[in-house]
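These notes are about the structure you will find just below.
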Amino acid sequence: MPLPPPASIYADFSSMNAKELRMAQEEIWVWISAAESASYDDAPDDDLLDSARDALNDIIAERRALHSDESAPRGG
């Protein structure tokens with residue numbers, strides 16, 4: 001039976017807060033890891049894996065955008 005993807009790969013990441021983004025990132029990362037080590041019969045289609053990787057890229061971009069709004073710590 002093929003490994004079903006998490007629904008979060010289709011989410012609107014721009015509407016998520018930092019905590020939701022971290023949770024989605026972890027969920028997708030765990031799924032990708034499981035999908036890449038699944039047996040041939042259980043492995044998802046390559047296009048689905050690519051969609052999950054694209055979702056990770058989108059999440060990372062959103063997290064960077066959120067953090068770029070914060071002031072950088074000063075010190076040295």
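If you're wondering about the labels, chains in the structure tokens are A, B, ... by order shown, residues count from 1 in each chain, ligands from 1 in order shown.
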Checklist line | Backbone DSSP call of alpha helix (DSSP H) for chain A, listed as a PyMOL selection string | finding: chain A and resi 18-37+46-68
Next item on the list: Would you kindly return, as a PyMOL selection string, each protein, DNA or RNA residue with an atom no farther than 12 Å from any atom of Met23 of chain A, considering only C-alpha atoms and excluding same-chain residues fewer than 6 positions away?
Entry: chain A and resi 6+8-9+13+16-17+29-30+56+59-60+63
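Between atom CA of Arg64 of chain A and atom CA of Pro4 of chain A there is a distance of 28.2 Å.
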Next item on the list: Rank A:Met1, A:Ala18, A:Leu66, A:Ala52 by their smallest atom-to-atom distance to Ser33 of chain A, using only C-alpha atoms, and report the top residue only.
Entry: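 Result for the nearest residue to Ser33 of chain A: A:Ala52.
For the residues A:Ala61, A:Ala55, A:Asp42, A:Tyr10, ranking by smallest atom-to-atom distance to Glu26 of chain A using only C-alpha atoms places A:Ala55 first.
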Next item on the list: Quick one: pull the distance between atom CA of Ile32 of chain A and atom CA of Ala11 of chain A, Å, one decimal.
Entry: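 Interatomic distance here is 16.1 Å.
With atom CA of Ser15 of chain A on one side and atom CA of Asp58 of chain A on the other, the separation reads 12.0 Å.
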Item checked: Close residues, Pro44 of chain A itself excluded, 7 Å, only C-alpha atoms, min 3 positions apart in chain, as a PyMOL selection string -> chain A and resi 2-3+35+48-49
Write the residues you've just listed into a file as a PDB file, in the first residue's frame, and include C-alpha atoms for each of them.
ATOM      1  CA  PRO A   2       1.537   3.345  -1.019  1.00  0.00           C
ATOM      2  CA  LEU A   3       2.599   5.736   1.692  1.00  0.00           C
ATOM      3  CA  ALA A  35       9.028   7.632   1.458  1.00  0.00           C
ATOM      4  CA  LEU A  48       4.672  13.385  -5.322  1.00  0.00           C
ATOM      5  CA  LEU A  49       8.112  13.354  -3.702  1.00  0.00           C
TER       6      LEU A  49
END
